[in-house]
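S.K.: I am sharing work-v4.cif, which consists of mmCIF, C-alpha atoms:
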```
data_data
loop_
_atom_site.label_atom_id
_atom_site.label_comp_id
_atom_site.auth_asym_id
_atom_site.auth_seq_id
_atom_site.Cartn_x
_atom_site.Cartn_y
_atom_site.Cartn_z
CA MET A 1 0.00 0.00 0.00
CA ASN A 2 2.73 2.38 1.11
CA ASP A 3 4.73 1.36 -1.92
CA SER A 4 1.86 2.22 -4.19
CA ILE A 5 1.37 5.61 -2.52
CA ASN A 6 5.08 6.32 -2.82
CA ARG A 7 5.08 5.34 -6.47
CA LYS A 8 2.08 7.57 -7.07
CA LYS A 9 3.76 10.40 -5.17
CA GLU A 10 6.96 9.93 -7.13
CA HIS A 11 5.03 9.91 -10.37
CA THR A 12 3.08 13.04 -9.41
CA THR A 13 6.24 14.86 -8.37
CA LYS A 14 7.98 13.86 -11.58
CA PHE A 15 4.97 14.95 -13.62
CA ARG A 16 4.83 18.26 -11.79
CA GLU A 17 8.53 18.75 -12.37
CA GLU A 18 8.06 18.12 -16.04
CA VAL A 19 5.10 20.45 -16.29
CA THR A 20 6.66 23.31 -14.40
CA SER A 21 10.18 22.70 -15.60
CA GLU A 22 12.18 25.86 -15.81
CA ASN A 23 15.10 23.99 -17.21
CA GLN A 24 14.25 24.42 -20.85
CA PRO A 25 17.62 25.54 -22.21
CA ILE A 26 17.32 29.29 -22.69
CA GLU A 27 19.64 29.20 -25.68
CA LEU A 28 17.41 26.76 -27.58
CA TRP A 29 14.33 28.69 -26.55
CA GLN A 30 15.88 31.92 -27.81
CA GLN A 31 16.82 30.27 -31.09
CA SER A 32 13.34 28.89 -31.70
CA ALA A 33 11.73 32.22 -30.81
CA PHE A 34 14.12 34.05 -33.12
CA ASP A 35 13.52 31.56 -35.96
CA ALA A 36 9.78 32.13 -35.55
CA ALA A 37 10.32 35.89 -35.67
CA VAL A 38 12.36 35.67 -38.88
CA GLU A 39 9.78 33.36 -40.42
CA LYS A 40 7.05 35.85 -39.60
CA LEU A 41 9.12 38.64 -41.08
CA GLN A 42 9.54 36.70 -44.29
CA ALA A 43 5.87 35.77 -44.48
CA GLY A 44 3.62 37.82 -46.76
CA TYR A 45 2.91 40.89 -44.67
CA GLY A 46 5.71 40.52 -42.13
CA ASN A 47 7.17 43.77 -40.92
CA PRO A 48 10.06 44.62 -38.60
CA ASP A 49 7.64 45.44 -35.80
CA THR A 50 6.74 41.74 -35.73
CA VAL A 51 10.36 40.80 -35.04
CA MET A 52 10.52 43.18 -32.11
CA ARG A 53 7.15 42.00 -30.83
CA MET A 54 8.32 38.39 -30.89
CA GLY A 55 11.41 39.51 -28.99
CA GLU A 56 9.21 41.27 -26.43
CA ALA A 57 7.00 38.19 -26.05
CA PHE A 58 10.11 36.06 -25.58
CA GLY A 59 11.47 38.51 -22.98
CA ARG A 60 8.18 38.49 -21.07
CA GLY A 61 8.19 34.68 -21.23
CA LEU A 62 11.73 34.58 -19.86
CA PHE A 63 10.74 36.86 -17.02
CA ALA A 64 7.67 34.76 -16.22
CA GLN A 65 9.56 31.48 -16.22
CA HIS A 66 13.07 32.23 -15.08
CA ILE A 67 12.76 35.06 -12.58
CA LYS A 68 11.48 33.49 -9.42
CA ASP A 69 10.98 36.40 -7.07
CA LYS A 70 8.46 38.62 -8.77
CA THR A 71 6.77 39.89 -5.65
CA SER A 72 9.68 41.96 -4.41
CA THR A 73 9.84 45.67 -4.97
CA TRP A 74 12.38 45.75 -7.69
CA THR A 75 15.23 48.18 -7.78
CA ILE A 76 17.07 48.49 -11.03
CA LYS A 77 20.14 47.01 -9.35
CA ASP A 78 18.20 43.90 -8.24
CA TRP A 79 16.79 43.52 -11.69
CA ILE A 80 20.22 43.71 -13.32
CA ALA A 81 21.71 41.17 -10.92
CA GLU A 82 18.85 38.73 -11.47
CA ILE A 83 18.73 39.09 -15.23
CA GLN A 84 22.50 38.76 -15.59
CA LYS A 85 22.50 35.57 -13.54
CA GLU A 86 19.34 33.88 -14.81
CA VAL A 87 19.16 35.01 -18.42
CA TYR A 88 22.17 36.67 -19.96
CA LYS A 89 24.86 34.47 -18.46
CA PRO A 90 23.24 31.27 -19.81
CA LEU A 91 22.80 33.00 -23.17
CA GLY A 92 26.44 34.09 -23.29
CA THR A 93 25.47 37.75 -23.61
CA GLU A 94 27.83 40.17 -21.94
CA PHE A 95 27.22 43.70 -20.70
CA THR A 96 29.28 46.46 -19.15
CA PHE A 97 27.22 48.75 -16.96
CA THR A 98 28.64 52.25 -16.93
CA LYS A 99 26.03 53.81 -14.66
CA ILE A 100 23.46 52.47 -12.23
CA THR A 101 21.24 54.87 -10.31
CA PRO A 102 17.91 53.98 -8.62
CA ASN A 103 15.98 54.95 -11.75
CA VAL A 104 18.39 54.69 -14.66
CA ALA A 105 21.00 52.20 -15.80
CA THR A 106 23.29 52.54 -18.78
CA THR A 107 25.08 49.64 -20.37
CA PHE A 108 27.07 48.57 -23.39
CA MET A 109 26.43 45.17 -24.87
CA ASN A 110 29.84 43.68 -25.47
CA ARG A 111 28.85 40.30 -26.74
CA ASN A 112 25.65 38.97 -28.25
CA PRO A 113 26.05 35.43 -29.63
CA LEU A 114 22.68 35.60 -31.40
CA VAL A 115 23.77 38.58 -33.51
CA GLN A 116 27.22 37.12 -34.09
CA THR A 117 26.07 33.70 -35.28
CA THR A 118 22.97 34.42 -37.33
CA HIS A 119 22.58 35.11 -41.04
CA TYR A 120 20.15 37.87 -40.08
CA PRO A 121 22.15 40.16 -37.77
CA ILE A 122 19.85 43.15 -38.10
CA ALA A 123 16.78 41.08 -37.28
CA ALA A 124 18.76 39.63 -34.37
CA SER A 125 19.53 43.14 -33.07
CA LEU A 126 15.87 44.06 -33.28
CA PHE A 127 14.86 40.81 -31.59
CA THR A 128 17.44 41.33 -28.83
CA PHE A 129 16.19 44.87 -28.23
CA GLY A 130 12.64 43.48 -28.00
CA ALA A 131 13.67 40.71 -25.60
CA MET A 132 15.46 43.20 -23.32
CA ARG A 133 12.46 45.50 -23.46
CA GLY A 134 10.08 42.64 -22.58
CA LEU A 135 12.29 41.59 -19.67
CA PHE A 136 12.57 45.15 -18.41
CA LEU A 137 8.90 46.16 -18.75
CA SER A 138 7.85 42.97 -16.96
CA ALA A 139 9.62 44.33 -13.88
CA PHE A 140 9.05 48.05 -14.53
CA PRO A 141 5.80 48.51 -16.46
CA LYS A 142 6.17 52.31 -16.40
CA GLY A 143 9.71 52.18 -17.73
CA GLU A 144 11.29 52.22 -21.14
CA LEU A 145 14.37 50.95 -22.87
CA LEU A 146 16.30 53.42 -24.99
CA ILE A 147 19.13 52.79 -27.37
CA ASN A 148 21.97 55.14 -28.19
CA ASN A 149 24.38 55.20 -31.04
CA LEU A 150 22.82 52.67 -33.36
CA ARG A 151 25.70 53.11 -35.80
CA ASN A 152 28.03 51.42 -33.38
CA ASP A 153 26.39 48.05 -34.04
CA ASP A 154 28.89 45.99 -32.09
CA HIS A 155 28.52 47.93 -28.86
CA PRO A 156 25.23 49.80 -28.76
CA GLU A 157 24.48 51.68 -25.57
CA PHE A 158 21.24 50.79 -23.80
CA ILE A 159 19.54 53.03 -21.27
CA PHE A 160 17.03 51.50 -18.89
CA LYS A 161 14.66 53.98 -17.31
CA THR A 162 12.23 52.86 -14.64
CA HIS A 163 9.95 55.85 -15.23
CA ALA A 164 9.75 56.83 -18.86
CA LEU A 165 8.89 60.25 -20.22
CA PRO A 166 6.29 60.40 -22.98
CA LYS A 167 9.03 61.09 -25.53
CA ASP A 168 10.84 57.90 -24.42
CA LYS A 169 7.82 55.84 -25.42
CA LEU A 170 8.53 56.71 -29.04
CA GLN A 171 11.98 55.18 -28.86
CA ARG A 172 10.70 51.73 -29.71
CA GLU A 173 9.25 52.88 -33.02
CA ARG A 174 12.38 54.93 -33.74
CA THR A 175 14.57 51.87 -33.26
CA ILE A 176 12.38 49.93 -35.64
CA ARG A 177 12.44 52.71 -38.20
CA LYS A 178 16.20 53.02 -38.04
CA LEU A 179 16.40 49.33 -38.76
CA THR A 180 13.63 49.25 -41.36
CA ILE A 181 16.23 48.48 -43.95
CA LEU A 182 16.18 44.96 -42.56
CA LYS A 183 12.87 44.35 -44.26
CA LYS A 184 14.51 44.96 -47.62
CA GLU A 185 17.63 43.01 -46.80
CA GLU A 186 16.14 40.08 -45.00
CA GLY A 187 12.50 40.03 -45.99
CA SER A 188 10.91 38.01 -48.72
CA MET B 1 -2.14 3.08 -36.15
CA ALA B 2 -5.18 3.25 -38.44
CA ARG B 3 -4.78 4.94 -41.80
CA GLU B 4 -7.59 6.55 -43.68
CA ALA B 5 -7.50 7.87 -47.21
CA PHE B 6 -9.97 10.49 -48.37
CA ILE B 7 -12.61 9.02 -50.61
CA ASP B 8 -15.56 11.33 -50.10
CA THR B 9 -14.70 14.95 -50.15
CA THR B 10 -17.84 16.07 -48.38
CA ILE B 11 -18.90 15.38 -44.86
CA GLN B 12 -22.38 15.21 -43.37
CA LYS B 13 -23.28 18.12 -41.14
CA LYS B 14 -23.45 16.88 -37.56
CA GLU B 15 -25.39 18.24 -34.63
CA GLY B 16 -23.36 19.81 -31.87
CA VAL B 17 -20.33 20.64 -33.98
CA ILE B 18 -19.28 23.68 -35.95
CA GLN B 19 -17.74 22.94 -39.32
CA THR B 20 -14.51 24.64 -40.31
CA GLY B 21 -15.49 24.83 -43.97
CA ILE B 22 -12.53 22.64 -44.95
CA ASP B 23 -14.07 19.23 -45.62
CA LYS B 24 -11.00 17.15 -44.93
CA LEU B 25 -10.18 19.05 -41.78
CA ASP B 26 -13.74 18.42 -40.61
CA ARG B 27 -13.18 14.75 -41.40
CA LEU B 28 -9.99 14.78 -39.30
CA LEU B 29 -12.10 16.32 -36.53
CA GLU B 30 -14.88 13.74 -37.05
CA GLY B 31 -17.37 16.36 -38.16
CA GLY B 32 -15.97 19.66 -36.93
CA ILE B 33 -15.25 21.52 -33.74
CA PRO B 34 -17.62 20.64 -30.89
CA GLU B 35 -19.73 23.62 -29.82
CA GLY B 36 -18.29 25.59 -26.94
CA PHE B 37 -14.76 24.34 -27.56
CA THR B 38 -11.65 26.47 -27.28
CA VAL B 39 -9.06 25.28 -29.77
CA VAL B 40 -5.42 26.28 -29.54
CA LEU B 41 -3.62 26.22 -32.87
CA LEU B 42 0.06 25.79 -32.12
CA SER B 43 1.93 27.00 -35.13
CA SER B 44 5.50 26.20 -36.10
CA PRO B 45 7.51 28.55 -38.30
CA GLY B 46 6.76 27.83 -41.95
CA SER B 47 3.57 25.87 -41.30
CA SER B 48 1.35 28.50 -42.99
CA THR B 49 -1.16 28.55 -40.15
CA GLU B 50 -2.21 32.02 -41.27
CA ILE B 51 -3.54 30.50 -44.51
CA LEU B 52 -5.49 27.84 -42.62
CA VAL B 53 -7.21 30.36 -40.36
CA LYS B 54 -8.06 32.65 -43.26
CA GLN B 55 -9.59 29.75 -45.11
CA ILE B 56 -11.63 28.81 -42.02
CA ALA B 57 -12.72 32.45 -41.83
CA THR B 58 -14.40 32.09 -45.22
CA SER B 59 -16.60 29.28 -43.89
CA GLY B 60 -19.50 31.50 -42.85
CA GLU B 61 -20.36 32.95 -39.47
CA VAL B 62 -16.99 34.15 -38.27
CA THR B 63 -15.53 36.84 -36.01
CA TYR B 64 -11.88 37.45 -36.91
CA ILE B 65 -9.74 39.23 -34.33
CA THR B 66 -6.57 40.17 -36.13
CA THR B 67 -3.37 41.46 -34.61
CA GLU B 68 -0.88 40.42 -37.26
CA GLU B 69 -2.43 41.78 -40.44
CA THR B 70 -4.96 44.43 -41.21
CA LYS B 71 -8.42 43.59 -42.50
CA LYS B 72 -7.37 44.73 -45.97
CA GLU B 73 -4.33 42.45 -46.01
CA ILE B 74 -6.47 39.50 -44.96
CA LEU B 75 -9.08 40.19 -47.64
CA ASP B 76 -6.30 40.55 -50.26
CA THR B 77 -5.00 37.08 -49.40
CA MET B 78 -8.50 35.59 -49.51
CA GLN B 79 -9.01 37.07 -52.96
CA ARG B 80 -5.66 35.73 -54.13
CA PHE B 81 -6.88 32.22 -53.32
CA ASN B 82 -10.24 32.93 -55.00
CA TRP B 83 -12.16 31.98 -51.89
CA GLN B 84 -15.72 33.19 -51.60
CA ILE B 85 -15.65 35.85 -48.92
CA PRO B 86 -18.72 35.96 -46.70
CA GLU B 87 -19.59 38.77 -44.30
CA ILE B 88 -16.78 38.48 -41.76
CA ASP B 89 -16.96 40.43 -38.52
CA PHE B 90 -13.44 41.85 -38.24
CA VAL B 91 -11.92 43.21 -35.04
CA ASP B 92 -8.87 44.89 -36.46
CA ILE B 93 -6.46 45.33 -33.55
CA SER B 94 -3.54 45.55 -35.97
CA GLU B 95 -4.94 48.70 -37.57
CA LYS B 96 -5.68 50.21 -34.14
CA TYR B 97 -2.18 49.46 -32.92
CA TYR B 98 -0.42 51.05 -35.89
CA SER B 99 -2.71 54.06 -36.05
CA ASN B 100 -2.02 54.72 -32.36
CA ILE B 101 1.69 54.73 -33.08
CA LEU B 102 1.25 57.05 -36.05
CA GLN B 103 -0.99 59.41 -34.08
CA GLY B 104 1.60 59.68 -31.34
CA GLU B 105 4.31 60.56 -33.82
CA LYS B 106 2.06 62.98 -35.73
CA LYS B 107 1.11 64.80 -32.56
CA ARG B 108 4.74 65.13 -31.62
CA VAL B 109 5.68 66.53 -35.05
CA SER B 110 2.78 68.99 -35.07
CA ILE B 111 3.72 70.34 -31.62
CA TYR B 112 7.28 70.84 -32.83
CA GLU B 113 5.99 72.65 -35.89
CA GLN B 114 3.80 74.91 -33.78
CA ARG B 115 6.65 75.70 -31.44
CA SER B 116 8.98 76.55 -34.27
CA LYS B 117 6.61 79.41 -35.23
CA LEU B 118 6.54 80.92 -31.75
CA ASN B 119 8.75 83.77 -30.55
CA LEU B 120 11.18 83.45 -27.68
CA LYS B 121 8.81 84.83 -25.03
CA GLU B 122 6.03 82.46 -26.00
CA LEU B 123 8.45 79.58 -26.03
CA ILE B 124 9.65 80.38 -22.51
CA GLU B 125 6.04 80.51 -21.33
CA ILE B 126 5.29 77.00 -22.52
CA SER B 127 8.68 75.51 -21.79
CA SER B 128 7.62 73.96 -18.51
CA THR B 129 7.82 70.64 -20.27
CA ALA B 130 11.02 70.01 -22.11
CA MET B 131 9.40 67.84 -24.75
CA PRO B 132 5.97 67.80 -26.30
CA SER B 133 3.67 65.19 -24.87
CA THR B 134 2.83 62.30 -27.10
CA ALA B 135 0.27 59.56 -27.21
CA THR B 136 1.50 56.12 -28.08
CA ALA B 137 -0.04 52.69 -28.21
CA ASP B 138 -1.74 52.89 -24.85
CA GLU B 139 -5.09 51.30 -25.65
CA ASP B 140 -5.95 48.27 -23.54
CA PHE B 141 -5.96 45.59 -26.21
CA LEU B 142 -6.77 42.82 -23.76
CA ALA B 143 -9.97 44.69 -22.91
CA VAL B 144 -10.71 45.00 -26.63
CA LEU B 145 -10.22 41.25 -26.97
CA SER B 146 -12.43 40.44 -24.02
CA ASN B 147 -15.20 42.84 -25.06
CA SER B 148 -15.30 41.77 -28.68
CA THR B 149 -15.83 38.14 -27.71
CA LYS B 150 -18.63 39.04 -25.30
CA LYS B 151 -20.70 40.46 -28.11
CA THR B 152 -20.43 37.56 -30.55
CA PRO B 153 -23.67 35.82 -31.46
CA GLU B 154 -24.20 32.11 -30.82
CA LYS B 155 -22.76 29.20 -32.76
CA ARG B 156 -20.10 30.89 -34.78
CA ILE B 157 -16.36 30.67 -35.09
CA THR B 158 -14.16 33.26 -33.40
CA ILE B 159 -10.55 33.41 -34.57
CA ILE B 160 -7.80 35.14 -32.60
CA ASN B 161 -4.75 35.53 -34.81
CA SER B 162 -2.65 35.68 -32.80
CA LEU B 163 -2.03 35.45 -29.08
CA ASP B 164 1.62 36.38 -29.73
CA PHE B 165 0.64 40.04 -29.96
CA PHE B 166 -0.96 40.10 -26.50
CA LEU B 167 1.97 38.19 -25.04
CA SER B 168 4.33 40.87 -26.29
CA GLN B 169 2.30 43.63 -24.62
CA TYR B 170 1.16 42.06 -21.36
CA CYS B 171 2.50 39.64 -18.79
CA GLN B 172 1.62 36.00 -19.33
CA ASP B 173 -0.67 35.75 -16.30
CA GLU B 174 -2.79 38.68 -17.48
CA VAL B 175 -3.12 37.12 -20.92
CA LEU B 176 -4.09 33.76 -19.42
CA ARG B 177 -6.79 35.39 -17.29
CA THR B 178 -8.25 37.11 -20.34
CA VAL B 179 -8.11 33.94 -22.43
CA PHE B 180 -9.98 32.15 -19.67
CA ALA B 181 -12.68 34.84 -19.69
CA VAL B 182 -12.91 34.60 -23.49
CA LYS B 183 -13.18 30.81 -23.19
CA VAL B 184 -16.10 31.16 -20.76
CA ASN B 185 -17.88 33.54 -23.15
CA ASN B 186 -17.32 31.05 -25.93
CA MET B 187 -18.81 28.22 -23.88
CA LYS B 188 -21.89 30.32 -23.14
CA ASN B 189 -22.27 31.15 -26.82
CA LYS B 190 -21.80 27.52 -27.90
CA SER B 191 -19.31 28.79 -30.41
CA ALA B 192 -15.89 27.62 -31.52
CA LEU B 193 -12.92 29.68 -30.45
CA LEU B 194 -9.65 29.30 -32.39
CA ILE B 195 -6.57 30.81 -30.82
CA VAL B 196 -3.37 30.91 -32.86
CA MET B 197 -0.10 30.89 -30.96
CA THR B 198 3.43 30.43 -32.27
CA LYS B 199 5.20 27.43 -30.83
CA GLY B 200 8.59 27.82 -29.20
CA VAL B 201 8.36 31.54 -28.39
CA HIS B 202 6.55 31.82 -25.07
CA GLY B 203 8.19 28.96 -23.20
CA GLU B 204 7.19 25.37 -22.48
CA VAL B 205 5.48 26.21 -19.21
CA PHE B 206 3.16 28.72 -20.83
CA GLU B 207 2.45 26.41 -23.76
CA ARG B 208 1.45 23.67 -21.34
CA LYS B 209 -0.79 26.05 -19.43
CA MET B 210 -2.51 26.97 -22.70
CA GLU B 211 -2.83 23.31 -23.65
CA GLY B 212 -4.39 22.64 -20.27
CA LEU B 213 -6.84 25.49 -20.67
CA ALA B 214 -7.85 24.48 -24.20
CA ASP B 215 -10.47 21.88 -25.01
CA ALA B 216 -8.59 20.97 -28.15
CA VAL B 217 -5.06 21.46 -29.37
CA LEU B 218 -4.10 21.34 -33.02
CA GLU B 219 -0.44 21.53 -33.88
CA LEU B 220 0.91 22.51 -37.27
CA ASP B 221 4.42 21.38 -37.97
CA VAL B 222 6.98 21.32 -40.75
CA VAL B 223 9.38 18.40 -41.08
CA GLN B 224 12.37 18.41 -43.39
CA LYS B 225 12.67 15.19 -45.41
CA GLY B 226 15.78 15.27 -47.54
CA SER B 227 15.58 18.37 -49.63
CA SER B 228 11.84 18.81 -49.24
CA PHE B 229 9.54 19.84 -46.44
CA GLU B 230 6.40 18.08 -45.32
CA ARG B 231 3.69 19.73 -43.32
CA TYR B 232 1.57 17.98 -40.73
CA ILE B 233 -1.45 18.92 -38.69
CA SER B 234 -2.02 16.87 -35.58
CA VAL B 235 -4.92 16.79 -33.20
CA LYS B 236 -2.98 16.59 -29.94
CA LYS B 237 -5.89 16.93 -27.61
CA MET B 238 -9.67 16.75 -27.96
CA ARG B 239 -11.51 16.78 -24.65
CA ASN B 240 -13.99 13.87 -24.40
CA TYR B 241 -13.34 12.81 -27.99
CA ALA B 242 -10.30 10.52 -27.81
CA LYS B 243 -11.21 9.07 -31.19
CA LYS B 244 -10.43 12.37 -32.84
CA ILE B 245 -6.74 12.26 -31.94
CA GLY B 246 -4.91 11.93 -35.22
CA ILE B 247 -2.44 13.39 -37.64
CA ALA B 248 -2.68 14.42 -41.29
CA ARG B 249 -0.23 15.57 -43.90
CA TYR B 250 -1.16 18.73 -45.76
CA VAL B 251 0.04 20.95 -48.55
CA ILE B 252 -0.75 24.51 -49.52
CA ASP B 253 -1.70 24.81 -53.17
CA ASP B 254 -3.54 27.37 -55.29
CA SER B 255 -6.81 26.46 -53.62
CA GLY B 256 -5.38 26.80 -50.12
CA PHE B 257 -5.04 24.24 -47.36
CA VAL B 258 -5.28 20.65 -48.65
CA LEU B 259 -5.12 17.64 -46.33
CA GLU B 260 -3.76 14.44 -47.84
CA MET B 261 -3.91 11.49 -45.44
CA ILE B 262 -5.17 10.96 -41.92
CA GLU B 263 -3.55 8.65 -39.41
CA ARG B 264 -5.56 7.87 -36.31
CA ILE B 265 -3.77 7.16 -33.10
CA MET B 266 -6.73 5.15 -31.76
#
```
How does this structure look as structure tokens?
M.R.:
Amino acid sequence: MNDSINRKKEHTTKFREEVTSENQPIELWQQSAFDAAVEKLQAGYGNPDTVMRMGEAFGRGLFAQHIKDKTSTWTIKDWIAEIQKEVYKPLGTEFTFTKITPNVATTFMNRNPLVQTTHYPIAASLFTFGAMRGLFLSAFPKGELLINNLRNDDHPEFIFKTHALPKDKLQRERTIRKLTILKKEEGS
Amino acid sequence: MAREAFIDTTIQKKEGVIQTGIDKLDRLLEGGIPEGFTVVLLSSPGSSTEILVKQIATSGEVTYITTEETKKEILDTMQRFNWQIPEIDFVDISEKYYSNILQGEKKRVSIYEQRSKLNLKELIEISSTAMPSTATADEDFLAVLSNSTKKTPEKRITIINSLDFFLSQYCQDEVLRTVFAVKVNNMKNKSALLIVMTKGVHGEVFERKMEGLADAVLELDVVQKGSSFERYISVKKMRNYAKKIGIARYVIDDSGFVLEMIERIM
């Protein structure tokens, strides 16, 4: 009897582990999300906004599944520490933060394997921006992610603001527009 | 595993189910989608799910909630396939989303233009804000989704193409809550709700939650075989209808979505 209960318990635990597994390799997940974004871009009416949206959805998914403590009152410093450890380290993405204040953080992205290994680097940049934005807005819904110096593709500067000004909210569309050329280069 | 070739191309209309308008798909589903069912269409890149849902939308009584393409783009595709287009009730979230963005930008430009015509004194007077205020995409699209499904009449198909949009704008829990509300509305209306979601983007945990919430799960997949690709649609889940679990190969030709062979698991 006890044996049967134990077996059942073991089975239930295993099942639960499988269902709520947070061990899906982030790298593979990122690749499949990015592939889906590129496919959507190449489909009939795909546009660059779709790539960023898929990135945002992926970022929100990462936050939901890999960031455990969502009830805490986030500070930008906490968020950075958590995201670096749980998301960007496993993905092999490297940042250098040049400034961290309670409301603003500035960083350079030194290494982004997705951009470096893909045949669609511009789409990958857009997707990465979207993923970072999704991750950030999940923790700071009133915030915004800005990007500086788009010409310096290898090391763009990102600015995370926990409380965005109305003009900051246009940054997303500006980033897309600056990269609109990707539709011509990488679209159907 | 039982195999079944298509001999008849038409299928008898059954009570309690809503036909998709694609005969062979209805055959795969043993008559159609049971009334009140919420169906999740898990789409893999390259599986052309968008063509399938557009073809289903031409089947008759349909509400089409679009986030990926505008109404015009959808109608253009339908015309390209020469499908007869019935009166479709469109909820064009895509158009709303892009016009909100454009309005925000337009407002910003017009304020700049106005300011450029002012003299220094006037400029100082209004310079309390460093930048002109702008309106961006701040409409609550989840509320739009929820409201538009409340109003749908009975026994029709509602298509949401796709959930990806909402998952890029809102946290997963909020989206799940809204989908659940939409599902309840659909049950009350005895309609069929089709929700398209791209596989592999939102994480395994979320996909499983959606599969758990759905009454039926159809998965569209592409498999590379040598130098060619084969597409499959599988019925992964069908609540209370185990017999319907099956898989079929399909192609997209000039007429649209064409199923070739069904394999039943049971």
S.K.: Please enumerate the residues selected by the PyMOL selection byres ((chain A) within 10 of (chain B)) when evaluated against the supplied file, formatted as a PyMOL selection string.
M.R.: chain A and resi 18-24+26+28-40+42-47+49-50+52-65+130-131+133-134+137-139+141+165-170+173-174
S.K.: Got time to write the residues from that selection, C-alpha atoms, as a CSV table (one decimal), keeping the file's coordinate frame?
M.R.:
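Result file follows (again_5.csv):
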```csv
chain,number,residue,atom,x,y,z
A,18,GLU,CA,8.1,18.1,-16.0
A,19,VAL,CA,5.1,20.4,-16.3
A,20,THR,CA,6.7,23.3,-14.4
A,21,SER,CA,10.2,22.7,-15.6
A,22,GLU,CA,12.2,25.9,-15.8
A,23,ASN,CA,15.1,24.0,-17.2
A,24,GLN,CA,14.2,24.4,-20.8
A,26,ILE,CA,17.3,29.3,-22.7
A,28,LEU,CA,17.4,26.8,-27.6
A,29,TRP,CA,14.3,28.7,-26.6
A,30,GLN,CA,15.9,31.9,-27.8
A,31,GLN,CA,16.8,30.3,-31.1
A,32,SER,CA,13.3,28.9,-31.7
A,33,ALA,CA,11.7,32.2,-30.8
A,34,PHE,CA,14.1,34.0,-33.1
A,35,ASP,CA,13.5,31.6,-36.0
A,36,ALA,CA,9.8,32.1,-35.6
A,37,ALA,CA,10.3,35.9,-35.7
A,38,VAL,CA,12.4,35.7,-38.9
A,39,GLU,CA,9.8,33.4,-40.4
A,40,LYS,CA,7.0,35.8,-39.6
A,42,GLN,CA,9.5,36.7,-44.3
A,43,ALA,CA,5.9,35.8,-44.5
A,44,GLY,CA,3.6,37.8,-46.8
A,45,TYR,CA,2.9,40.9,-44.7
A,46,GLY,CA,5.7,40.5,-42.1
A,47,ASN,CA,7.2,43.8,-40.9
A,49,ASP,CA,7.6,45.4,-35.8
A,50,THR,CA,6.7,41.7,-35.7
A,52,MET,CA,10.5,43.2,-32.1
A,53,ARG,CA,7.2,42.0,-30.8
A,54,MET,CA,8.3,38.4,-30.9
A,55,GLY,CA,11.4,39.5,-29.0
A,56,GLU,CA,9.2,41.3,-26.4
A,57,ALA,CA,7.0,38.2,-26.0
A,58,PHE,CA,10.1,36.1,-25.6
A,59,GLY,CA,11.5,38.5,-23.0
A,60,ARG,CA,8.2,38.5,-21.1
A,61,GLY,CA,8.2,34.7,-21.2
A,62,LEU,CA,11.7,34.6,-19.9
A,63,PHE,CA,10.7,36.9,-17.0
A,64,ALA,CA,7.7,34.8,-16.2
A,65,GLN,CA,9.6,31.5,-16.2
A,130,GLY,CA,12.6,43.5,-28.0
A,131,ALA,CA,13.7,40.7,-25.6
A,133,ARG,CA,12.5,45.5,-23.5
A,134,GLY,CA,10.1,42.6,-22.6
A,137,LEU,CA,8.9,46.2,-18.8
A,138,SER,CA,7.8,43.0,-17.0
A,139,ALA,CA,9.6,44.3,-13.9
A,141,PRO,CA,5.8,48.5,-16.5
A,165,LEU,CA,8.9,60.2,-20.2
A,166,PRO,CA,6.3,60.4,-23.0
A,167,LYS,CA,9.0,61.1,-25.5
A,168,ASP,CA,10.8,57.9,-24.4
A,169,LYS,CA,7.8,55.8,-25.4
A,170,LEU,CA,8.5,56.7,-29.0
A,173,GLU,CA,9.2,52.9,-33.0
A,174,ARG,CA,12.4,54.9,-33.7
```
S.K.: How would you write, as an NGL selection string, the residues chosen by the PyMOL selection byres ((chain B and resi 221) around 7) on this structure?
M.R.: :B and (43-44 or 47 or 219-220 or 222-223 or 231-233)
S.K.: What residues come out when you apply the PyMOL selection byres ((chain B and resi 211) around 12) to this file, written as an MDAnalysis selection string?
M.R.: (chainID A and resid 19) or (chainID B and resid 38:42 176 179 195:197 199 204:210 212:219 235:239)
S.K.: Give me the residues near B:Leu29 as a list in words, where near means some atom within 8 Å (using all atoms listed in the file) and where sequence neighbours in that chain fewer than 4 positions away do not count.
M.R.: Leu25, Ile33, Val235 and Lys244 of chain B
S.K.: Could you please take those selected residues and save C-alpha atoms as a CSV table (one decimal), keeping the file's coordinate frame?
M.R.:
```
chain,number,residue,atom,x,y,z
B,25,LEU,CA,-10.2,19.0,-41.8
B,33,ILE,CA,-15.2,21.5,-33.7
B,235,VAL,CA,-4.9,16.8,-33.2
B,244,LYS,CA,-10.4,12.4,-32.8
```
S.K.: Can you work out the spacing between atom CA of B:Asp253 and atom CA of B:Phe81 in Å, to one decimal?
M.R.: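 Between atom CA of B:Asp253 and atom CA of B:Phe81 the gap works out to 9.0 Å.
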